[in-house]
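K.L.:
This one is protein_31.cif, mmCIF, C-alpha atoms.
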data_coords
loop_
_atom_site.label_atom_id
_atom_site.label_comp_id
_atom_site.auth_asym_id
_atom_site.auth_seq_id
_atom_site.Cartn_x
_atom_site.Cartn_y
_atom_site.Cartn_z
CA MET A 598 114.30 229.24 115.18
CA ALA A 599 116.90 227.00 116.74
CA ASP A 600 119.03 228.81 119.29
CA VAL A 601 122.25 230.39 118.00
CA ILE A 602 124.99 228.43 119.73
CA HIS A 603 128.33 229.99 120.64
CA PRO A 604 130.48 226.85 120.76
CA THR A 605 133.95 226.18 122.11
CA PHE A 606 136.39 226.26 119.19
CA ASP A 607 137.74 223.02 117.76
CA ASN A 608 140.35 223.70 115.09
CA THR A 609 139.78 220.26 113.58
CA ALA A 610 136.07 220.84 113.00
CA THR A 611 135.31 222.08 109.51
CA ALA A 612 132.38 221.59 107.21
CA PRO A 613 132.80 218.51 105.04
CA ALA A 614 134.12 219.20 101.57
CA THR A 615 132.19 218.19 98.49
CA PRO A 616 133.81 214.87 97.48
CA THR A 617 136.02 214.71 94.41
CA LEU A 618 136.03 211.26 92.79
CA THR A 619 139.07 209.65 91.25
CA ALA A 620 138.80 207.51 88.12
CA THR A 621 138.39 204.47 90.38
CA GLY A 622 135.68 206.08 92.49
CA GLY A 623 137.82 206.89 95.53
CA VAL A 624 137.36 210.25 97.26
CA VAL A 625 140.20 212.76 97.29
CA GLU A 626 139.29 214.99 100.24
CA THR A 627 141.85 217.70 99.47
CA PRO A 628 142.58 217.75 95.74
CA ALA A 629 145.67 219.70 94.73
CA VAL A 630 145.86 222.80 92.56
CA MET A 631 148.60 222.04 90.07
CA LEU A 632 151.64 224.28 89.83
CA TYR A 633 152.65 224.70 86.20
CA THR A 634 153.58 227.27 83.56
CA ARG A 635 150.12 228.31 82.42
CA LEU A 636 149.26 230.30 85.54
CA ARG A 637 151.18 233.39 86.54
CA LYS A 638 153.31 233.74 89.63
CA SER A 639 153.69 236.70 91.94
CA PRO A 640 157.14 238.30 91.88
CA TYR A 641 157.35 237.10 95.51
CA PHE A 642 156.25 233.54 94.64
CA TRP A 643 159.51 231.77 95.43
CA LYS A 644 160.21 233.82 98.55
CA SER A 645 156.77 233.25 100.06
CA ARG A 646 156.94 229.58 99.10
CA GLU A 647 160.19 229.24 101.05
CA ARG A 648 158.19 230.21 104.14
CA GLY A 649 155.90 227.21 103.84
CA VAL A 650 152.82 228.09 101.81
CA ALA A 651 150.34 225.27 102.44
CA ALA A 652 147.50 226.27 100.11
CA TYR A 653 147.15 228.42 97.01
CA SER A 654 144.17 229.80 95.17
CA VAL A 655 144.17 231.50 91.78
CA TYR A 656 143.60 235.27 91.73
CA ASN A 657 144.03 237.42 88.65
CA HIS A 658 145.29 234.29 86.85
CA THR A 659 148.08 234.13 89.45
CA TYR A 660 148.92 231.70 92.28
CA HIS A 661 148.01 233.35 95.58
CA PRO A 662 149.11 232.05 99.01
CA ARG A 663 145.97 231.47 101.10
CA HIS A 664 147.56 230.17 104.27
CA TYR A 665 150.73 228.60 105.67
CA GLY A 666 149.17 225.65 107.46
CA ASP A 667 147.44 227.28 110.44
CA PRO A 668 144.79 229.87 109.49
CA VAL A 669 143.67 230.35 113.09
CA GLY A 670 147.22 230.87 114.32
CA GLU A 671 147.71 233.39 111.52
CA TYR A 672 144.58 235.19 112.70
CA TRP A 673 145.99 235.58 116.21
CA SER A 674 149.34 236.77 114.84
CA LEU A 675 147.50 239.46 112.85
CA LEU A 676 145.61 240.59 115.95
CA HIS A 677 148.58 240.70 118.30
CA GLY A 678 151.77 240.89 116.25
CA VAL A 679 152.80 241.71 112.69
CA THR A 680 152.34 239.81 109.45
CA VAL A 681 153.59 239.98 105.86
CA TRP A 682 151.36 239.06 102.90
CA ASP A 683 152.43 238.21 99.38
CA VAL A 684 149.80 240.17 97.44
CA GLY A 685 151.65 240.46 94.16
CA VAL A 686 148.40 239.17 92.64
CA GLU A 687 147.04 242.70 93.06
CA ARG A 688 148.01 243.77 89.55
CA GLN A 689 148.48 247.50 89.08
CA LEU A 690 146.57 248.94 86.13
CA GLU A 691 148.36 252.21 85.41
CA ILE A 692 146.32 254.93 83.68
CA SER A 693 148.26 257.93 82.38
CA GLY A 694 148.18 260.48 79.59
CA PRO A 695 146.31 263.73 78.83
CA ASP A 696 142.84 262.21 79.42
CA ALA A 697 143.81 260.05 82.41
CA PHE A 698 141.83 262.01 85.00
CA ASP A 699 138.61 262.20 83.00
CA PHE A 700 138.89 258.58 81.85
CA THR A 701 139.47 257.27 85.39
CA ASN A 702 136.63 259.42 86.71
CA MET A 703 134.38 257.82 84.09
CA LEU A 704 135.29 254.30 85.29
CA ILE A 705 134.15 254.75 88.90
CA PRO A 706 131.18 256.23 90.81
CA ARG A 707 133.35 258.31 93.19
CA ASP A 708 134.10 261.93 92.35
CA LEU A 709 137.84 262.13 91.66
CA THR A 710 137.87 265.91 92.04
CA LYS A 711 137.82 265.02 95.75
CA CYS A 712 140.93 262.83 95.48
CA GLU A 713 144.22 264.69 95.87
CA VAL A 714 147.57 263.65 94.48
CA GLY A 715 149.07 261.35 97.11
CA GLN A 716 145.68 260.05 98.23
CA CYS A 717 144.13 256.59 97.98
CA LYS A 718 140.45 255.67 97.62
CA TYR A 719 138.52 252.44 97.84
CA VAL A 720 136.38 252.45 94.68
CA PHE A 721 134.06 250.34 92.58
CA VAL A 722 134.42 249.92 88.83
CA THR A 723 130.85 249.65 87.59
CA ALA A 724 129.14 248.22 84.50
CA PRO A 725 126.38 249.95 82.49
CA ASP A 726 123.72 248.21 84.63
CA GLY A 727 125.47 249.26 87.86
CA GLY A 728 126.99 245.84 88.51
CA ILE A 729 130.39 245.68 90.15
CA ILE A 730 133.26 244.77 87.80
CA ASN A 731 135.98 245.24 90.41
CA ASP A 732 136.61 246.95 93.77
CA PRO A 733 140.22 248.16 93.66
CA VAL A 734 142.11 250.64 95.77
CA LEU A 735 142.85 253.66 93.60
CA LEU A 736 146.15 255.48 94.12
CA ARG A 737 146.59 258.95 92.64
CA LEU A 738 150.31 259.30 91.98
CA GLU A 739 150.24 262.45 89.84
CA GLU A 740 147.64 264.78 88.35
CA ASN A 741 147.22 262.45 85.38
CA ARG A 742 148.63 259.14 86.62
CA PHE A 743 146.69 256.57 88.60
CA TRP A 744 147.07 252.99 89.73
CA LEU A 745 144.11 250.70 90.21
CA SER A 746 145.27 247.97 92.61
CA LEU A 747 142.97 245.30 91.28
CA ALA A 748 140.76 242.69 92.84
CA ASP A 749 140.11 239.49 90.95
CA SER A 750 138.79 240.42 87.48
CA ASP A 751 140.16 241.52 84.11
CA VAL A 752 139.68 245.27 84.42
CA GLY A 753 142.60 245.96 82.10
CA LEU A 754 140.68 244.45 79.20
CA TRP A 755 137.52 246.38 80.14
CA ALA A 756 139.47 249.64 80.31
CA GLN A 757 141.20 249.00 76.98
CA GLY A 758 137.84 248.44 75.31
CA LEU A 759 136.37 251.64 76.74
CA ALA A 760 139.44 253.69 75.86
CA HIS A 761 139.46 252.43 72.27
CA ALA A 762 135.72 252.85 71.72
CA GLY A 763 135.67 256.32 73.27
CA GLY A 764 138.83 257.63 71.62
CA TRP A 765 140.39 258.52 74.97
CA ASP A 766 143.98 259.83 74.90
CA VAL A 767 145.29 257.54 77.64
CA GLU A 768 148.02 254.96 78.09
CA LEU A 769 146.94 251.78 79.85
CA ARG A 770 149.49 249.24 81.04
CA GLU A 771 150.11 246.72 83.74
CA ALA A 772 152.93 248.33 85.67
CA ASP A 773 155.89 246.24 86.82
CA VAL A 774 154.79 246.91 90.38
CA ALA A 775 153.88 244.41 93.11
CA PRO A 776 152.70 245.09 96.67
CA LEU A 777 153.50 243.43 99.96
CA GLN A 778 151.18 244.03 102.90
CA ILE A 779 152.56 244.58 106.41
CA GLN A 780 149.61 244.26 108.79
CA GLY A 781 149.06 244.09 112.54
CA PRO A 782 149.62 246.22 115.66
CA ARG A 783 153.43 245.99 115.37
CA ALA A 784 153.41 247.07 111.72
CA LYS A 785 154.57 250.59 112.57
CA GLN A 786 157.64 249.24 114.36
CA VAL A 787 158.67 247.14 111.36
CA MET A 788 158.03 249.98 108.93
CA THR A 789 160.00 252.42 111.09
CA ASP A 790 162.97 250.06 111.08
CA LEU A 791 162.71 249.86 107.29
CA PHE A 792 162.05 253.49 106.36
CA GLY A 793 162.77 255.60 109.43
CA ALA A 794 160.45 257.67 111.59
CA ASP A 795 159.12 259.62 108.58
CA ILE A 796 156.94 256.65 107.69
CA LEU A 797 154.76 257.48 110.68
CA ASP A 798 153.80 260.76 108.98
CA VAL A 799 151.91 258.94 106.20
CA PRO A 800 148.21 259.38 107.07
CA TYR A 801 145.51 256.76 106.66
CA TYR A 802 144.70 256.18 102.97
CA ARG A 803 147.59 258.35 101.83
CA LEU A 804 150.77 257.39 100.02
CA ARG A 805 154.38 258.49 99.80
CA GLU A 806 157.36 257.48 97.66
CA PHE A 807 160.52 256.17 99.30
CA ASP A 808 163.90 254.81 98.28
CA LEU A 809 164.92 251.66 100.13
CA ASP A 810 168.51 250.68 99.40
CA GLY A 811 168.13 251.73 95.78
CA MET A 812 164.67 250.18 95.37
CA ARG A 813 161.86 252.56 94.44
CA VAL A 814 158.68 251.97 96.41
CA VAL A 815 155.34 253.63 97.07
CA VAL A 816 154.07 253.09 100.61
CA SER A 817 150.39 253.52 101.47
CA ARG A 818 148.52 253.33 104.80
CA THR A 819 146.08 250.76 103.47
CA GLY A 820 145.35 247.05 103.82
CA TYR A 821 142.78 244.27 103.78
CA SER A 822 142.90 243.38 107.45
CA GLY A 823 140.90 245.83 109.57
CA GLU A 824 144.13 246.31 111.57
CA VAL A 825 146.97 248.83 111.45
CA GLY A 826 148.72 248.25 108.17
CA TYR A 827 150.76 249.37 105.20
CA GLU A 828 151.22 248.29 101.61
CA ILE A 829 154.64 248.53 99.97
CA TYR A 830 154.32 248.85 96.19
CA LEU A 831 157.63 247.90 94.60
CA HIS A 832 158.69 249.37 91.25
CA ASP A 833 160.70 247.02 89.00
CA ALA A 834 159.19 244.12 90.91
CA SER A 835 160.27 241.51 88.39
CA ARG A 836 163.86 242.47 89.23
CA ASP A 837 163.82 243.50 92.89
CA ALA A 838 161.09 241.39 94.55
CA GLY A 839 163.56 239.06 96.26
CA ARG A 840 165.57 241.97 97.65
CA LEU A 841 162.48 243.66 99.09
CA TRP A 842 161.18 240.46 100.66
CA ASP A 843 164.55 239.85 102.33
CA ALA A 844 164.72 243.44 103.60
CA VAL A 845 161.22 243.19 105.08
CA TRP A 846 162.04 239.85 106.65
CA GLU A 847 165.24 241.16 108.25
CA ALA A 848 163.40 244.17 109.68
CA GLY A 849 160.45 242.08 110.82
CA GLU A 850 162.15 239.12 112.49
CA PRO A 851 162.95 240.99 115.75
CA HIS A 852 159.25 241.87 115.97
CA GLY A 853 158.01 238.33 115.34
CA LEU A 854 157.00 238.85 111.71
CA ARG A 855 154.90 235.98 110.37
CA PRO A 856 153.90 235.28 106.75
CA ILE A 857 150.16 234.75 106.31
CA GLY A 858 147.56 234.77 103.58
CA PRO A 859 144.71 237.27 103.56
CA CYS A 860 142.95 236.62 106.87
CA HIS A 861 139.32 235.94 106.01
CA ILE A 862 138.25 235.53 109.63
CA ARG A 863 139.38 239.09 110.32
CA ARG A 864 137.98 240.57 107.11
CA ILE A 865 134.57 238.95 107.75
CA GLU A 866 134.65 240.33 111.31
CA ALA A 867 135.30 243.73 109.72
CA GLY A 868 132.48 243.31 107.20
CA MET A 869 134.98 243.64 104.34
CA LEU A 870 133.81 242.35 100.96
CA ALA A 871 135.62 239.82 98.77
CA TYR A 872 135.25 240.04 95.02
CA GLY A 873 133.90 236.88 93.43
CA CYS A 874 131.90 235.79 96.46
CA ASP A 875 130.29 238.74 98.29
CA ILE A 876 130.37 241.07 95.29
CA THR A 877 130.18 240.20 91.61
CA LEU A 878 128.98 241.62 88.33
CA ASP A 879 125.47 240.62 89.48
CA THR A 880 125.51 242.92 92.52
CA ASN A 881 125.54 246.71 92.66
CA PRO A 882 127.06 249.00 95.29
CA LEU A 883 123.70 249.84 96.88
CA GLU A 884 122.85 246.19 97.46
CA VAL A 885 126.15 245.42 99.19
CA GLY A 886 125.80 248.21 101.73
CA TYR A 887 127.67 251.06 100.02
CA ASP A 888 124.79 253.42 99.36
CA TYR A 889 126.91 256.34 100.54
CA HIS A 890 126.80 259.54 98.51
CA TRP A 891 130.59 259.79 98.68
CA MET A 892 130.94 256.24 97.30
CA VAL A 893 128.23 256.47 94.63
CA ASP A 894 128.16 260.18 93.85
CA LEU A 895 125.19 260.77 91.57
CA ASP A 896 125.38 264.54 92.09
CA GLN A 897 128.82 264.98 90.56
CA GLU A 898 129.02 266.84 87.27
CA ALA A 899 130.94 264.06 85.51
CA ASP A 900 129.25 261.06 83.98
CA PHE A 901 130.41 257.53 84.83
CA VAL A 902 129.58 254.08 83.55
CA GLY A 903 126.42 252.88 85.28
CA LYS A 904 125.34 256.30 86.56
CA GLU A 905 121.80 256.18 85.18
CA ALA A 906 121.25 252.61 86.32
CA LEU A 907 122.38 253.44 89.85
CA ARG A 908 120.25 256.59 89.85
CA ARG A 909 117.19 254.49 89.01
CA ALA A 910 118.12 251.94 91.66
CA ARG A 911 118.40 254.65 94.31
CA GLU A 912 115.10 256.23 93.27
CA THR A 913 113.10 253.00 93.11
CA GLY A 914 114.85 251.24 95.98
CA ILE A 915 116.67 247.94 96.06
CA SER A 916 115.02 244.58 96.64
CA ARG A 917 117.87 242.90 98.53
CA LEU A 918 120.69 243.84 100.90
CA MET A 919 123.87 242.33 102.27
CA VAL A 920 123.66 241.84 106.03
CA GLY A 921 125.62 240.29 108.85
CA VAL A 922 124.45 236.96 110.26
CA GLU A 923 125.27 234.82 113.25
CA ILE A 924 124.93 231.12 112.48
CA GLY A 925 124.29 228.45 115.08
CA GLY A 926 125.80 225.00 115.38
CA ARG A 927 129.32 223.69 115.66
CA PRO A 928 132.24 225.83 114.49
CA LEU A 929 132.61 226.52 110.82
CA GLY A 930 136.09 226.77 109.35
CA SER A 931 138.19 229.83 108.59
CA TYR A 932 136.73 230.25 105.08
CA ASN A 933 140.17 230.07 103.43
CA ASP A 934 140.66 226.47 104.56
CA GLY A 935 138.35 224.88 101.97
CA SER A 936 135.47 224.57 104.43
CA MET A 937 133.04 226.67 102.35
CA ILE A 938 133.05 225.49 98.77
CA GLU A 939 129.63 226.91 97.84
CA PRO A 940 127.43 229.71 99.23
CA PHE A 941 125.01 228.53 101.92
CA PRO A 942 121.32 228.87 100.96
CA VAL A 943 119.17 231.03 103.24
CA TYR A 944 115.55 230.18 104.03
CA SER A 945 112.81 232.14 105.77
CA ALA A 946 109.95 229.70 105.48
CA GLY A 947 109.42 226.72 103.24
CA THR A 948 111.99 224.96 101.11
CA THR A 949 112.79 227.64 98.52
CA PRO A 950 115.98 229.64 99.20
CA VAL A 951 115.42 233.39 99.52
CA GLY A 952 119.07 234.39 99.68
CA SER A 953 122.56 233.09 100.37
CA VAL A 954 125.42 233.35 102.83
CA THR A 955 128.35 234.41 100.66
CA SER A 956 131.18 234.24 103.25
CA ALA A 957 131.16 232.58 106.66
CA CYS A 958 133.63 231.49 109.32
CA TYR A 959 134.06 230.80 113.00
CA SER A 960 135.39 233.83 114.91
CA PRO A 961 137.59 232.65 117.81
CA ARG A 962 137.36 235.87 119.80
CA LEU A 963 133.61 236.27 119.32
CA ASP A 964 133.18 232.52 119.98
CA ARG A 965 130.50 232.23 117.31
CA ASN A 966 129.95 231.61 113.61
CA ILE A 967 129.51 234.77 111.58
CA GLY A 968 128.95 235.56 107.94
CA LEU A 969 127.80 237.94 105.24
CA ALA A 970 124.49 237.17 103.53
CA MET A 971 122.44 238.62 100.69
CA VAL A 972 118.77 238.59 101.69
CA PRO A 973 115.51 240.27 100.63
CA ILE A 974 115.00 243.75 102.05
CA GLY A 975 112.10 242.46 104.11
CA LEU A 976 114.43 240.09 105.94
CA SER A 977 117.33 242.52 106.44
CA THR A 978 116.38 244.02 109.80
CA ALA A 979 118.59 243.13 112.77
CA GLY A 980 116.96 240.42 114.86
CA THR A 981 115.31 238.65 111.91
CA GLU A 982 115.46 234.88 112.30
CA LEU A 983 116.57 232.79 109.34
CA THR A 984 117.60 229.24 108.53
CA VAL A 985 120.88 228.53 106.77
CA GLY A 986 121.61 225.33 104.89
CA THR A 987 125.14 224.00 105.46
CA PRO A 988 126.81 220.78 104.27
CA ASP A 989 126.02 219.17 107.63
CA GLY A 990 122.41 220.32 107.85
CA ALA A 991 120.13 223.28 108.54
CA ARG A 992 121.12 225.77 111.22
CA GLY A 993 119.37 228.64 112.90
CA ALA A 994 120.69 232.10 112.10
CA LEU A 995 120.08 235.67 113.16
CA VAL A 996 120.52 238.93 111.23
CA VAL A 997 122.88 241.23 113.15
CA GLU A 998 124.62 244.55 112.62
CA LYS A 999 127.93 244.55 110.76
CA PRO A 1000 130.84 245.05 111.03
CA PHE A 1001 130.98 242.50 113.84
CA ILE A 1002 134.16 244.08 115.28
CA ASP A 1003 135.18 247.76 115.43
CA PRO A 1004 132.04 249.16 113.75
CA ARG A 1005 133.53 252.66 113.42
CA LYS A 1006 136.71 251.23 111.86
CA GLU A 1007 138.98 253.08 114.26
CA THR A 1008 141.63 250.35 114.62
CA PRO A 1009 143.34 250.73 111.19
CA LYS A 1010 143.56 254.50 111.74
CA LEU A 1011 145.60 254.20 114.96
#
Once you've parsed the file, please lay out its structure as structure tokens.

P.N.:
Amino acid sequence: MADVIHPTFDNTATAPATPTLTATGGVVETPAVMLYTRLRKSPYFWKSRERGVAAYSVYNHTYHPRHYGDPVGEYWSLLHGVTVWDVGVERQLEISGPDAFDFTNMLIPRDLTKCEVGQCKYVFVTAPDGGIINDPVLLRLEENRFWLSLADSDVGLWAQGLAHAGGWDVELREADVAPLQIQGPRAKQVMTDLFGADILDVPYYRLREFDLDGMRVVVSRTGYSGEVGYEIYLHDASRDAGRLWDAVWEAGEPHGLRPIGPCHIRRIEAGMLAYGCDITLDTNPLEVGYDYHWMVDLDQEADFVGKEALRRARETGISRLMVGVEIGGRPLGSYNDGSMIEPFPVYSAGTTPVGSVTSACYSPRLDRNIGLAMVPIGLSTAGTELTVGTPDGARGALVVEKPFIDPRKETPKL
């Protein structure tokens, strides 16, 4: 295997994009995503745009700010300061009614009898074959009222179909609720200025309701950053989103608040999965490293969609596993900068791919390229040498333990 190189970072060096040809044959290196009426907009769309959004993607049929022109600078701000994220794309599927608990418990492999009112859980929504339909954060607001804060797939339609077919007595709706994320080591200072010292009493993965100048919000100690963080879920978001954004900005400015998109460098360092690339309907929880009995509880009394398929998978064993990899060569991009348009094929020997790198980036503080890869079980042991195909050629790679940073995930609990 070629040596894994830990290069000096060059912010201008990114993998070449797949060319897009114009009608005359010219190459448009950075084609635009059109802004128009067909796609939805976050309630914070105009406020975040005022702060200089440089690139959008589409998430839950909604424009989503990916970065504000400097993904690496945003990374450092997340590590050392405080950041605000427009994540109104995280649509809230509200499940309520007499059967809400049993219905929600049927959607996911976790045992909801172990989830108290006021608690949050990271969960999978699974298909009959065990595939992952979505990986939302679940918030239990009342005994029979839940929010699923959705990743990028149409779970509302799936839930409506199941509820109708099963005759469940539940109400399913997309709540007029939109979250902002406040993430980074100074997040507690900003949140204290907004809500008072009581906010510091909200434990990790718990929630509490607050009133902020007449705006109703739910605040949770959660986030997609691997750092200290909060999410502010705003009721009546279609009406009050501008007011909340301005209030957060006023509280955050003295602390150096910076708007950023979801920081993929940091989430890859943390080994956090992204729906649509690392996890899809074609992967199950065991294959992506979540074969924990608390995450896929096959011993619980309740049934859930995919239970038998996941039981068989656990009994027979899986054939592939998601691992961490270090990748040699010059620096890759930040992942959310358009530098990784397709998964990178993984080779062990020969010319036939045996797996794929699903997310990869250059980590400035580790001074190396890192990524998440799905590989055969036989190639999943730390220290295994691989070859990864990238747009600028084959590179040596090494299977390593993940997460790459903070393996016990202590930082967000501080």

K.L.:
I would like the residues chosen by the PyMOL selection byres ((chain A and resi 940) around 9) on the shown file; could you give them as a VMD selection string?

P.N.:
chain A and resid 874 937 to 939 941 to 942 953 to 957 987

K.L.:
Only C-alpha atoms, please: the residues just picked out, written as an mmCIF file, in the frame of the given file.

P.N.:
data_model
loop_
_atom_site.group_PDB
_atom_site.id
_atom_site.type_symbol
_atom_site.label_atom_id
_atom_site.label_comp_id
_atom_site.auth_asym_id
_atom_site.auth_seq_id
_atom_site.Cartn_x
_atom_site.Cartn_y
_atom_site.Cartn_z
ATOM 1 C CA CYS A 874 131.900 235.790 96.460
ATOM 2 C CA MET A 937 133.040 226.670 102.350
ATOM 3 C CA ILE A 938 133.050 225.490 98.770
ATOM 4 C CA GLU A 939 129.630 226.910 97.840
ATOM 5 C CA PHE A 941 125.010 228.530 101.920
ATOM 6 C CA PRO A 942 121.320 228.870 100.960
ATOM 7 C CA SER A 953 122.560 233.090 100.370
ATOM 8 C CA VAL A 954 125.420 233.350 102.830
ATOM 9 C CA THR A 955 128.350 234.410 100.660
ATOM 10 C CA SER A 956 131.180 234.240 103.250
ATOM 11 C CA ALA A 957 131.160 232.580 106.660
ATOM 12 C CA THR A 987 125.140 224.000 105.460
#

K.L.:
Compute the distance from (124.1, 246.4, 102.2) to each atom, counting only C-alpha atoms, keep the residues with any atom at most 12 Å away, and return them as an MDAnalysis selection string; use the coordinates of the file.

P.N.:
chainID A and resid 868:870 875:876 880:889 915:921 969:974 977:978 998:1000

K.L.:
What lies within 8 Å of segment 782-789 of chain A using only C-alpha atoms, ignoring chain neighbours under 3 positions off, as a list of chain:residue names?

P.N.:
A:Leu675, A:Leu676, A:His677, A:Gly678, A:Val679, A:Thr680, A:Ile779, A:Phe792, A:Gly793, A:Ala794, A:Asp795, A:Ile796, A:Leu797, A:Glu824, A:Val825, A:Gly826, A:Tyr827, A:Val845, A:Ala848, A:Gly849, A:His852

K.L.:
Report the residues retrieved by the PyMOL selection byres ((chain A and resi 740) around 9) from the displayed file, expressed as a list in words.

P.N.:
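Output from the PyMOL selection byres ((chain A and resi 740) around 9), applied to this file: Ala697, Phe698, Glu713, Val714, Arg737, Leu738, Glu739, Asn741, Arg742 and Phe743 of chain A.
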
K.L.:
Just to confirm, what's the straight-line distance from atom CA of Gly990 of chain A to atom CA of Thr627 of chain A in Å (one decimal)?

P.N.:
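Distance reported for this atom pair: 21.3 Å.
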
K.L.:
Running the PyMOL selection byres ((chain A and resi 982) around 8) on this model by hand, what would come out? Give it as a list in words.

P.N.:
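With the shown file as input, the PyMOL selection byres ((chain A and resi 982) around 8) matches Met598, Ser945, Gly980, Thr981, Leu983, Thr984, Gly993, Ala994, Leu995 and Val996 of chain A.
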
K.L.:
Write to file, as a CSV table (one decimal), in the coordinates of the input, the residues of the selection just made, with C-alpha atoms.

P.N.:
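File result_38.csv, as written:
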chain,number,residue,atom,x,y,z
A,598,MET,CA,114.3,229.2,115.2
A,945,SER,CA,112.8,232.1,105.8
A,980,GLY,CA,117.0,240.4,114.9
A,981,THR,CA,115.3,238.6,111.9
A,983,LEU,CA,116.6,232.8,109.3
A,984,THR,CA,117.6,229.2,108.5
A,993,GLY,CA,119.4,228.6,112.9
A,994,ALA,CA,120.7,232.1,112.1
A,995,LEU,CA,120.1,235.7,113.2
A,996,VAL,CA,120.5,238.9,111.2

K.L.:
Within 8 Å of segment 753-768 of chain A, which residues of segment 611-698 of chain A show up? Give each one with its shortest atom-to-atom distance in Å (one decimal) and the two atoms involved, counting all atoms listed in the file, rows by chain then rising residue number, as a tab-separated table.

P.N.:
residue	atom	partner	partner_atom	distance
A:Leu690	CA	A:Gly753	CA	6.4
A:Glu691	CA	A:Glu768	CA	7.8
A:Ile692	CA	A:Glu768	CA	5.8
A:Ser693	CA	A:Glu768	CA	5.2
A:Gly694	CA	A:Val767	CA	4.6
A:Pro695	CA	A:Asp766	CA	6.0
A:Asp696	CA	A:Asp766	CA	5.2
A:Ala697	CA	A:Val767	CA	5.6

K.L.:
Using Å and a single decimal, report how far atom CA of Leu736 of chain A sits from atom CA of Ala910 of chain A.

P.N.:
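Spanning atom CA of Ala910 of chain A to atom CA of Leu736 of chain A is a straight-line distance of 28.4 Å.
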
K.L.:
Mind giving me the straight-line distance from atom CA of Val985 of chain A to atom CA of Pro928 of chain A in Å, one decimal?

P.N.:
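Pair atom CA of Val985 of chain A / atom CA of Pro928 of chain A returns 14.0 Å.
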
K.L.:
When you count only C-alpha atoms, which of these residues is closest to Leu777 of chain A: A:Tyr944, A:Tyr830, A:Tyr872, A:Phe721?

P.N.:
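Nearest to Leu777 of chain A: A:Tyr830.
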
K.L.:
Out of A:Tyr660, A:Tyr641, A:Tyr633, A:Phe700, which residue has the shortest atom-to-atom distance to Arg840 of chain A when counting only C-alpha atoms?

P.N.:
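Among A:Tyr660, A:Tyr641, A:Tyr633, A:Phe700, it is A:Tyr641 that comes nearest to Arg840 of chain A.
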
K.L.:
Limit the output to N, CA and C atoms and give segment 973-985 of chain A as a JSON list (two decimals), in the first residue's frame.

P.N.:
[["chain", "number", "residue", "atom", "x", "y", "z"],
["A", 973, "PRO", "N", -16.46, -5.02, 3.16],
["A", 973, "PRO", "CA", -16.76, -6.37, 3.63],
["A", 973, "PRO", "C", -16.22, -6.61, 5.04],
["A", 974, "ILE", "N", -16.92, -7.44, 5.78],
["A", 974, "ILE", "CA", -16.50, -7.74, 7.16],
["A", 974, "ILE", "C", -15.04, -8.16, 7.21],
["A", 975, "GLY", "N", -14.60, -8.92, 6.25],
["A", 975, "GLY", "CA", -13.23, -9.40, 6.24],
["A", 975, "GLY", "C", -12.19, -8.31, 6.09],
["A", 976, "LEU", "N", -12.61, -7.13, 5.69],
["A", 976, "LEU", "CA", -11.69, -6.01, 5.52],
["A", 976, "LEU", "C", -11.94, -4.90, 6.53],
["A", 977, "SER", "N", -12.70, -5.20, 7.60],
["A", 977, "SER", "CA", -13.12, -4.14, 8.53],
["A", 977, "SER", "C", -12.23, -3.99, 9.75],
["A", 978, "THR", "N", -11.22, -4.81, 9.88],
["A", 978, "THR", "CA", -10.35, -4.74, 11.06],
["A", 978, "THR", "C", -9.40, -3.56, 10.95],
["A", 979, "ALA", "N", -9.22, -2.83, 12.05],
["A", 979, "ALA", "CA", -8.28, -1.71, 12.07],
["A", 979, "ALA", "C", -6.91, -2.18, 11.62],
["A", 980, "GLY", "N", -6.27, -1.37, 10.78],
["A", 980, "GLY", "CA", -4.97, -1.71, 10.23],
["A", 980, "GLY", "C", -5.01, -2.33, 8.86],
["A", 981, "THR", "N", -6.20, -2.68, 8.37],
["A", 981, "THR", "CA", -6.34, -3.26, 7.04],
["A", 981, "THR", "C", -6.00, -2.21, 5.98],
["A", 982, "GLU", "N", -5.19, -2.59, 5.02],
["A", 982, "GLU", "CA", -4.80, -1.68, 3.95],
["A", 982, "GLU", "C", -5.76, -1.81, 2.77],
["A", 983, "LEU", "N", -6.15, -0.68, 2.23],
["A", 983, "LEU", "CA", -7.09, -0.63, 1.12],
["A", 983, "LEU", "C", -6.57, 0.35, 0.07],
["A", 984, "THR", "N", -7.23, 0.35, -1.08],
["A", 984, "THR", "CA", -6.98, 1.37, -2.09],
["A", 984, "THR", "C", -8.31, 2.06, -2.38],
["A", 985, "VAL", "N", -8.28, 3.38, -2.46],
["A", 985, "VAL", "CA", -9.48, 4.16, -2.71],
["A", 985, "VAL", "C", -9.31, 4.90, -4.03]]
